[in-house]
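Everything below belongs to data.cif, which stores mmCIF, C-alpha atoms.
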data_protein
#
loop_
_atom_site.label_atom_id
_atom_site.label_comp_id
_atom_site.auth_asym_id
_atom_site.auth_seq_id
_atom_site.Cartn_x
_atom_site.Cartn_y
_atom_site.Cartn_z
CA MET A 216 -78.13 -57.81 -61.60
CA SER A 217 -76.32 -54.53 -62.16
CA GLU A 218 -77.55 -51.44 -60.47
CA ILE A 219 -76.13 -49.24 -63.24
CA VAL A 220 -75.68 -49.91 -66.96
CA VAL A 221 -73.71 -47.63 -69.26
CA LEU A 222 -75.27 -47.48 -72.72
CA SER A 223 -72.88 -46.64 -75.56
CA CYS A 224 -75.57 -45.34 -77.90
CA THR A 225 -74.03 -45.71 -81.36
CA ASN A 226 -73.34 -48.63 -83.65
CA ARG A 227 -70.37 -46.84 -85.18
CA LEU A 228 -67.20 -48.88 -84.69
CA ASP A 229 -64.26 -47.41 -82.74
CA SER A 230 -66.34 -44.43 -81.63
CA ASN A 231 -65.56 -41.70 -79.14
CA THR A 232 -68.88 -42.66 -77.55
CA LEU A 233 -67.50 -46.07 -76.57
CA LYS A 234 -64.32 -44.41 -75.26
CA VAL A 235 -66.44 -42.12 -73.07
CA SER A 236 -68.55 -45.09 -71.93
CA LYS A 237 -65.41 -46.92 -70.82
CA ILE A 238 -64.22 -43.85 -68.90
CA TYR A 239 -67.59 -43.68 -67.11
CA GLN A 240 -67.36 -47.40 -66.36
CA LYS A 241 -63.86 -46.87 -64.90
CA ILE A 242 -65.03 -43.96 -62.71
CA LEU A 243 -67.87 -46.15 -61.43
CA SER A 244 -65.43 -48.99 -60.79
CA ASP A 245 -63.22 -46.62 -58.79
CA LEU A 246 -66.35 -45.88 -56.71
CA ASN A 247 -66.84 -49.65 -56.17
CA MET A 248 -69.79 -49.87 -58.56
CA GLU A 249 -70.08 -52.59 -61.17
CA ALA A 250 -71.39 -51.11 -64.41
CA PRO A 251 -71.46 -53.20 -67.57
CA ILE A 252 -71.50 -51.41 -70.92
CA LEU A 253 -74.21 -52.15 -73.44
CA ASP A 254 -72.30 -51.43 -76.65
CA PHE A 255 -74.82 -50.78 -79.42
CA CYS A 256 -72.30 -52.26 -81.91
CA LYS A 257 -73.27 -55.59 -80.37
CA LEU A 258 -77.01 -55.23 -80.98
CA PRO A 259 -78.40 -57.67 -83.56
CA GLU A 260 -78.52 -56.43 -87.13
CA THR A 261 -82.21 -57.41 -87.21
CA ILE A 262 -83.14 -54.97 -84.43
CA ALA A 263 -85.06 -52.60 -86.70
CA PHE A 264 -87.26 -55.32 -88.11
CA SER A 265 -87.77 -58.54 -86.19
CA GLU A 266 -86.72 -57.51 -82.67
CA THR A 267 -88.88 -54.39 -82.50
CA PHE A 268 -92.25 -55.86 -83.32
CA GLY A 269 -92.68 -58.71 -80.87
CA ALA A 270 -90.81 -61.54 -82.60
CA ARG A 271 -87.80 -61.21 -80.30
CA SER A 272 -85.12 -63.84 -80.51
CA GLU A 273 -84.11 -65.64 -77.33
CA SER A 274 -80.69 -63.97 -77.39
CA TYR A 275 -82.23 -60.51 -77.71
CA SER A 276 -84.70 -61.23 -74.91
CA SER A 277 -81.73 -62.27 -72.76
CA LEU A 278 -79.94 -59.02 -73.62
CA ILE A 279 -82.99 -56.98 -72.54
CA GLU A 280 -83.21 -59.00 -69.30
CA ARG A 281 -79.50 -58.61 -68.52
CA PHE A 282 -79.13 -54.92 -69.30
CA ILE A 283 -82.59 -53.35 -68.90
CA SER A 284 -85.04 -55.43 -66.87
CA SER A 285 -82.63 -56.22 -64.06
CA SER A 286 -81.15 -52.71 -63.80
CA GLN A 287 -82.43 -49.59 -62.08
CA ARG A 288 -80.08 -46.87 -63.38
CA PHE A 289 -78.72 -46.07 -66.80
CA ILE A 290 -76.05 -43.74 -68.07
CA PHE A 291 -76.82 -42.90 -71.70
CA VAL A 292 -73.71 -41.78 -73.60
CA LEU A 293 -75.12 -40.33 -76.79
CA PRO A 294 -73.29 -38.82 -79.72
CA GLU A 295 -74.73 -36.07 -81.86
CA TYR A 296 -76.11 -37.28 -85.17
CA ASN A 297 -77.76 -34.62 -87.33
CA GLY A 298 -78.65 -32.37 -84.41
CA SER A 299 -80.03 -35.15 -82.23
CA PHE A 300 -79.07 -38.72 -81.27
CA PRO A 301 -78.51 -41.83 -83.42
CA GLY A 302 -81.48 -43.62 -84.90
CA ILE A 303 -80.21 -46.89 -83.43
CA LEU A 304 -80.98 -45.49 -79.97
CA LYS A 305 -84.61 -44.77 -80.92
CA VAL A 306 -84.95 -48.22 -82.49
CA PHE A 307 -83.48 -49.76 -79.32
CA LEU A 308 -85.90 -47.83 -77.10
CA ASP A 309 -88.78 -48.97 -79.31
CA SER A 310 -87.65 -52.60 -79.10
CA VAL A 311 -87.81 -52.72 -75.29
CA PRO A 312 -91.29 -53.06 -73.75
CA PRO A 313 -92.18 -49.69 -72.13
CA ARG A 314 -92.90 -51.33 -68.75
CA GLU A 315 -89.20 -52.25 -68.52
CA TRP A 316 -88.27 -48.55 -68.23
CA GLN A 317 -90.89 -47.36 -65.74
CA ASN A 318 -89.68 -45.71 -62.54
CA LYS A 319 -86.01 -46.21 -63.35
CA ARG A 320 -83.36 -43.47 -63.42
CA ALA A 321 -81.24 -42.10 -66.23
CA CYS A 322 -78.19 -39.87 -66.52
CA LEU A 323 -77.32 -38.29 -69.87
CA VAL A 324 -73.91 -37.54 -71.38
CA GLY A 325 -73.76 -35.79 -74.76
CA VAL A 326 -70.80 -36.37 -77.07
CA ALA A 327 -69.93 -34.11 -80.00
CA GLU A 328 -67.07 -32.54 -81.88
CA GLY A 329 -69.10 -29.33 -82.09
CA ARG A 330 -69.44 -26.74 -79.36
CA ALA A 331 -72.85 -27.70 -77.98
CA GLY A 332 -71.99 -31.23 -76.80
CA ASN A 333 -75.27 -32.64 -78.12
CA LEU A 334 -77.50 -30.53 -75.87
CA ARG A 335 -80.34 -30.83 -78.38
CA GLY A 336 -80.03 -34.63 -78.53
CA MET A 337 -80.08 -34.86 -74.74
CA GLU A 338 -83.26 -32.78 -74.67
CA HIS A 339 -84.87 -34.97 -77.36
CA LEU A 340 -83.98 -38.08 -75.35
CA THR A 341 -85.26 -36.50 -72.13
CA GLY A 342 -88.71 -36.10 -73.70
CA ILE A 343 -88.79 -39.73 -74.78
CA LEU A 344 -87.57 -40.99 -71.41
CA HIS A 345 -90.18 -38.91 -69.60
CA TYR A 346 -92.83 -40.49 -71.83
CA LEU A 347 -91.47 -43.91 -70.76
CA LYS A 348 -91.76 -42.76 -67.10
CA VAL A 349 -87.99 -42.67 -66.52
CA HIS A 350 -86.66 -40.16 -63.97
CA VAL A 351 -83.93 -38.14 -65.70
CA TYR A 352 -81.11 -36.67 -63.60
CA HIS A 353 -80.92 -32.90 -64.00
CA ASP A 354 -77.12 -32.68 -64.46
CA LYS A 355 -76.78 -33.47 -68.17
CA LEU A 356 -73.16 -33.22 -69.24
CA PRO A 357 -72.39 -31.97 -72.76
CA LEU A 358 -68.93 -33.02 -73.97
CA SER A 359 -67.85 -30.62 -76.73
CA GLY A 360 -64.73 -31.02 -78.86
CA ILE A 361 -64.63 -34.60 -77.66
CA SER A 362 -61.54 -35.78 -79.56
CA LYS A 363 -59.43 -33.21 -77.68
CA MET A 364 -60.63 -34.27 -74.19
CA PHE A 365 -58.86 -37.61 -73.81
CA LEU A 366 -55.73 -37.74 -71.67
CA ASN A 367 -55.25 -41.42 -72.39
CA GLY A 368 -57.53 -44.34 -73.05
CA GLU A 369 -58.81 -44.43 -69.49
CA GLN A 370 -59.57 -40.86 -68.48
CA PHE A 371 -60.28 -37.33 -69.59
CA MET A 372 -58.05 -34.34 -69.16
CA GLU A 373 -58.93 -32.04 -66.28
CA PRO A 374 -61.37 -30.43 -65.63
CA GLN A 375 -63.50 -32.89 -67.62
CA GLN A 376 -62.46 -35.88 -65.48
CA SER A 377 -63.62 -34.06 -62.33
CA ALA A 378 -66.87 -32.93 -63.97
CA SER A 379 -67.68 -36.48 -65.04
CA LYS A 380 -66.90 -37.88 -61.59
CA SER A 381 -69.03 -35.17 -59.98
CA GLN A 382 -71.92 -35.98 -62.34
CA ILE A 383 -71.70 -39.68 -61.45
CA GLU A 384 -71.53 -38.99 -57.71
CA GLY A 385 -74.63 -36.79 -57.95
CA PHE A 386 -76.44 -39.40 -60.02
CA LEU A 387 -75.70 -42.08 -57.40
CA LYS A 388 -77.48 -39.90 -54.81
CA PHE A 389 -80.43 -39.18 -57.17
#
Please, can you express the file's structure as structure tokens?
Amino acid sequence: MSEIVVLSCTNRLDSNTLKVSKIYQKILSDLNMEAPILDFCKLPETIAFSETFGARSESYSSLIERFISSSQRFIFVLPEYNGSFPGILKVFLDSVPPREWQNKRACLVGVAEGRAGNLRGMEHLTGILHYLKVHVYHDKLPLSGISKMFLNGEQFMEPQQSASKSQIEGFLKF
């Protein structure tokens, strides 16, 4: 059982979203927290059809158990797609029974090349998570101009590294 799961919410290969997810995982590790990453590139290709409507495979049921059912906190790292978040995230949310989300906690990180850092997508997701009875942490962090923020593969340049660590520390107290 992991207390926190980092969700890399795109199925685009070699994405900045996965890079950000790994940085968040590293910050959590430095705080002595185990936090596996659920990389949406690893979701089954059948998710939109067979996994969503009750005919879940055993492997997909195991994935939901490992990453969602047994966890209490989630960090959603979501890129901006067409002014919101990727469709794969909505399909994923729809494929998990709503009771699995109730009374859990979420932290949101927006990722975009543009200047708004996916603020709109984080607000769209907040509405959905509230519907699912998830408590959403107030400090939503928009990462704008994302490709220019990386110092190396394991951290951001300052002040972004400090802002991300501060967000995580606040979320752990939430």
May I have a table of the residues of stretch 287-325 of chain A lying at most 6 Å from stretch 224-247 of chain A, giving each one's closest pair of atoms and their distance in Å to one decimal, counting all atoms listed in the file, ordered by chain and ascending residue number, as a Markdown table?
| residue | atom | partner | partner_atom | distance |
| --- | --- | --- | --- | --- |
| A:Val292 | CA | A:Cys224 | CA | 5.9 |
| A:Leu293 | CA | A:Cys224 | CA | 5.2 |
| A:Leu304 | CA | A:Cys224 | CA | 5.8 |
On this structure, which residues satisfy the PyMOL selection byres ((chain A and resi 306-312) around 12), written as JSON, numbers by chain? {"A": [222, 223, 224, 225, 226, 253, 254, 255, 256, 257, 258, 259, 260, 261, 262, 263, 264, 265, 266, 267, 268, 269, 270, 271, 272, 275, 276, 277, 278, 279, 280, 282, 283, 284, 291, 300, 301, 302, 303, 304, 305, 313, 314, 315, 316, 317, 340, 343, 344, 346, 347, 349]}
Kindly resolve the PyMOL selection byres ((chain A and resi 356-363) around 7) on the present coordinates and return the residues as number ranges by chain. A: 323-334, 354-355, 364-365
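With atom CA of A:Glu384 on one side and atom CA of A:His350 on the other, the separation reads 16.4 Å.
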Which one is closest to A:Arg288: A:Val351, A:Ile219, A:Cys322, A:Ile252? Count only C-alpha atoms.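 So, comparing all the options, the nearest one is A:Ile219.
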10 Å contact set for A:His353, only C-alpha atoms, chain neighbours under 5 positions out, as a PyMOL selection string: chain A and resi 321-323+341+382+385-386+389
What is the atom CA of A:Arg335-atom CA of A:Ile290 distance in Å, reported with one decimal?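 Atom-to-atom, atom CA of A:Arg335 and atom CA of A:Ile290 are spaced 17.1 Å apart.
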Between A:Ser381, A:Arg281, A:Arg320, A:Gly336, which residue has the minimum interatomic distance to A:Gly298, considering only C-alpha atoms?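 Distance minimum relative to A:Gly298 lands on A:Gly336.
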As an exercise, work out the distance from atom CA of A:Glu369 to atom CA of A:Lys319 in Å and give it to one decimal place.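 Separation of atom CA of A:Glu369 and atom CA of A:Lys319: 27.9 Å.
Proximity of A:Met372, A:Leu366, A:Val220, A:Leu387 to A:Tyr352, computed with all atoms listed in the file, is greatest for A:Leu387.
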Go through A:Glu218, A:Lys388, A:His345, A:Ser379 one by one, measure the shortest atom-to-atom distance of each to A:Met248 using only C-alpha atoms, and give the residue with the smallest value. A:Glu218
Using only C-alpha atoms, pick whichever of A:Ser286, A:Gln370, A:Asn318, A:Gln376 has the shortest atom-to-atom distance to A:Glu249. A:Ser286
